[in-house]
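Data block below; observations after.
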Amino acid sequence: MIRLATFLFRRLKPLFLLGATPYVLLAQHSGMAHVAASAVTPTLRLITDQAQREIIVEIGPIDLPNDAGHIQLPPFHTQIPIDGWLHGFYIDLVDGNGRPVPRQILHHVNVIEPDRRELFSPIMLRLAAAGQETDPVKLPWLLGYRVRKGQEFIVTSMMHNPTGREYDGVRLRVHFPYTTGGLIKPISIFPFYMDVMPPASRHSYDLPPGKSTRSWEARPVVSGRIIGIGGHVHQYGTSLRLEDLNTRKVIWAAQPAVGKDGQISSMPMKTFITRLGVPIKEGHVYRVTAEYDNTSGQTIPGGAMGALGGAFIPSSRARWPRVDRNDPQLKIDWELVHTGPGEGHVHGGS
């Protein structure tokens, strides 16, 4: 069991980081340009590489002048071409001649499943997200995200070019390794996400001077087990925690690591594999809380955030629900994804 737990932790560690990553990579910048300023019109191309067992989502081309600000690409809808399981993803970028482009050109890319809802909220399921610092996510064959041919995904992305060199015809490629199953089917896992702000809203908030706390509560839509969790706070954040209000137990709590420059360098993550996950019950209320100690002496506009996420295995009797198209929060979420975020809005999610 210990060897299995160690193996799974090494493979799943990037996924738990990913649970928090989507909301680290928010479009919180004013002065955003739209891709219409480019000389080329980007499109989405879907490639199935059967030899490498990969689905490749390619977005581009886009011309990036040197020192370009944030360029919001339009949202693209695509469909999964196979029946099987996704076992993670990795990203690369190339220019018009196929030469590698620095990862710092990518601000973020998000992958959303519009027909399934989140575990703790009625917004669309955030499946994956990455920025320039995101490591490849690699899952072992026994764990995967179940997909079916024709299943719809939405892909949103943003580029920028902080370098002094221009890049023409840039293409972003997201690779999804997959299997189609065998005699032993992979265990289906789902990402989950919670935030101290309401789901379909701004996810950064003004940070007052001194000590402050912000929380949000929700019930999960299905029961199951959390097998790993991580989180994200901004500068002056002192802690982030998830607790079950029915049992009054803290499921996870972490304090950020701070570098010599005073900036937050990382947030601890936790796995629960040796005890086969932490049970989450449908009827219970769960609260996420972020605590800050702003020593700057002034209010920082949009200076705070508190988000956590990770991997979740539904109970064997649970069926993951589809979104409710009439839900007001779902409608707001859909609008945000398709019109692009204002300053501080979530850009597409995960």
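Chain labels follow the order of the structure tokens: the first chain is A, the next B, and so on; residue numbering restarts at 1 in every chain, and ligands are counted from 1 in their shown order.
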Surrounding residues of range 184-190 of chain A excluding itself and chain neighbours under 6 positions, 6 Å, only C-alpha atoms, as number ranges by chain: A: 142-146, 311-313
Backbone-only DSSP, strand (DSSP E) members of range 103-279 of chain A, as a ChimeraX atom specification: /A:106-117,124-130,137-138,143-147,152-161,167-179,187-188,190-195,205-207,210-218,224-233,237-244,249-254,257-258,264-266,270-271,278-279
Determine, counting only C-alpha atoms, which protein, DNA and RNA residues have an atom within 9 Å of an atom of range 52-59 of chain A; residues of the same chain fewer than 4 positions away are not included. Present the result as a VMD selection string. chain A and resid 42 to 48 76 78 80 to 82 86 155 157 170 to 179
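Residues of range 105-291 of chain A assigned to helix (DSSP H, G or I) by DSSP on this structure's backbone: Ile105, Ile273, Thr274 and Arg275 of chain A.
The space separating CA of Asp324 in chain A from CA of Val221 in chain A comes to 12.3 Å.
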When you look at Val323 in chain A with a cut-off of 8 Å (counting only C-alpha atoms), what residues show up, excluding the ones that are within fewer than 3 positions of it in the same chain? I need them as an MDAnalysis selection string. chainID A and resid 114:117 122:124 330
Those same residues - C-alpha atoms - I'd like them written as a CSV table (one decimal), in the first residue's frame.
chain,number,residue,atom,x,y,z
A,114,PRO,CA,-20.0,22.6,-20.9
A,115,ASP,CA,-22.4,19.7,-20.2
A,116,ARG,CA,-21.1,18.7,-16.8
A,117,ARG,CA,-21.3,20.9,-13.7
A,122,PRO,CA,-23.7,24.7,-10.9
A,123,ILE,CA,-21.1,26.4,-13.3
A,124,MET,CA,-19.5,24.4,-16.1
A,330,LEU,CA,-24.7,28.8,-15.2
Nearby residues (only C-alpha atoms) at most 12 Å from range 250-267 of chain A, same-chain spacing under 2 positions excluded, as a compact mmCIF listing (two decimals) with C-alpha atoms, in the first residue's frame:
# COMPACT_ATOMS: atom_id res chain seq x y z
CA PHE A 16 -3.42 18.51 -7.36
CA LEU A 17 -1.47 21.61 -8.26
CA LEU A 18 -3.75 21.93 -11.23
CA GLY A 19 -6.76 22.07 -8.97
CA ALA A 20 -5.62 25.51 -7.87
CA THR A 21 -3.94 26.52 -11.10
CA VAL A 24 -4.00 31.44 -10.50
CA ARG A 225 -13.76 10.88 -1.84
CA ILE A 226 -11.12 13.58 -2.25
CA ILE A 227 -7.77 11.95 -3.02
CA GLY A 228 -5.69 15.11 -3.24
CA ILE A 229 -5.98 18.85 -2.74
CA GLY A 230 -4.00 22.05 -3.26
CA GLY A 231 -4.71 25.77 -3.18
CA HIS A 232 -3.77 29.35 -4.02
CA VAL A 233 -3.68 32.71 -2.25
CA HIS A 234 -2.08 36.03 -3.14
CA GLN A 235 0.56 38.05 -1.34
CA TYR A 236 -0.24 38.64 2.37
CA GLY A 237 -2.27 35.42 2.43
CA THR A 238 -1.64 33.52 5.66
CA SER A 239 -3.82 30.42 5.36
CA LEU A 240 -6.40 28.54 3.33
CA ARG A 241 -8.57 25.74 4.64
CA LEU A 242 -11.48 23.44 3.82
CA GLU A 243 -13.78 22.20 6.56
CA ASP A 244 -16.90 20.08 6.98
CA LEU A 245 -19.37 22.20 8.93
CA ASN A 246 -21.54 19.22 9.83
CA THR A 247 -18.74 17.31 11.57
CA ARG A 248 -16.76 20.47 12.49
CA MET A 269 -0.62 20.13 -1.10
CA LYS A 270 -2.01 17.04 0.54
CA THR A 271 -2.81 13.55 -0.68
CA PHE A 272 -5.07 11.08 1.09
CA GLY A 277 -9.32 9.45 0.17
CA VAL A 278 -11.35 11.69 2.47
CA PRO A 279 -15.11 11.05 2.32
CA ILE A 280 -17.28 13.92 1.08
CA TYR A 286 -18.32 22.55 3.26
CA ARG A 287 -16.61 25.87 3.80
CA VAL A 288 -13.45 27.24 2.19
CA THR A 289 -11.78 30.10 4.09
CA ALA A 290 -8.91 32.39 3.16
CA GLU A 291 -7.10 34.47 5.76
CA TYR A 292 -4.89 37.48 5.07
CA THR A 295 0.78 44.80 6.39
CA SER A 296 0.98 47.38 3.60
CA GLY A 306 -8.59 32.14 -2.15
CA ALA A 307 -9.08 29.02 -4.27
CA LEU A 308 -8.53 25.31 -3.83
CA GLY A 309 -9.03 22.23 -5.93
CA GLY A 310 -7.87 18.72 -6.62
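One finds CA of Val101 in chain A at 25.3 Å from CA of Gln50 in chain A.
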Quick one: everything within 10 Å of Arg317 in chain A, counting only C-alpha atoms, minus sequence neighbours fewer than 2 positions away in the same chain. Send it as a JSON list (two decimals) with N, CA, C and O atoms, in the first residue's frame.
[["chain", "number", "residue", "atom", "x", "y", "z"],
["A", 222, "VAL", "N", -22.63, 15.37, -5.44],
["A", 222, "VAL", "CA", -22.58, 13.92, -5.25],
["A", 222, "VAL", "C", -21.62, 13.61, -4.11],
["A", 222, "VAL", "O", -20.78, 14.43, -3.75],
["A", 223, "SER", "N", -21.76, 12.42, -3.55],
["A", 223, "SER", "CA", -20.82, 11.95, -2.54],
["A", 223, "SER", "C", -19.62, 11.29, -3.21],
["A", 223, "SER", "O", -19.68, 10.89, -4.38],
["A", 224, "GLY", "N", -18.54, 11.18, -2.46],
["A", 224, "GLY", "CA", -17.34, 10.55, -3.00],
["A", 224, "GLY", "C", -16.17, 10.77, -2.08],
["A", 224, "GLY", "O", -16.34, 10.98, -0.87],
["A", 314, "PRO", "N", -16.01, 10.00, -7.43],
["A", 314, "PRO", "CA", -17.40, 9.87, -6.98],
["A", 314, "PRO", "C", -17.67, 8.48, -6.42],
["A", 314, "PRO", "O", -16.99, 7.51, -6.76],
["A", 315, "SER", "N", -18.66, 8.36, -5.55],
["A", 315, "SER", "CA", -19.04, 7.06, -5.04],
["A", 315, "SER", "C", -19.55, 6.19, -6.18],
["A", 315, "SER", "O", -20.00, 6.70, -7.22],
["A", 319, "ARG", "N", -23.90, 9.37, -9.99],
["A", 319, "ARG", "CA", -23.85, 9.70, -11.41],
["A", 319, "ARG", "C", -23.62, 11.21, -11.51],
["A", 319, "ARG", "O", -24.41, 11.99, -11.01],
["A", 320, "TRP", "N", -22.51, 11.59, -12.16],
["A", 320, "TRP", "CA", -22.18, 13.01, -12.23],
["A", 320, "TRP", "C", -23.23, 13.75, -13.04],
["A", 320, "TRP", "O", -23.52, 13.40, -14.17]]
In terms of the shortest atom-to-atom distance over only C-alpha atoms, which of A:Pro61, A:Pro208, A:Gly88, A:Pro268 is closest to Val137 in chain A? A:Gly88
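The interatomic distance for the pair CA of Ile332 in chain A and CA of Asp195 in chain A works out to 16.3 Å.
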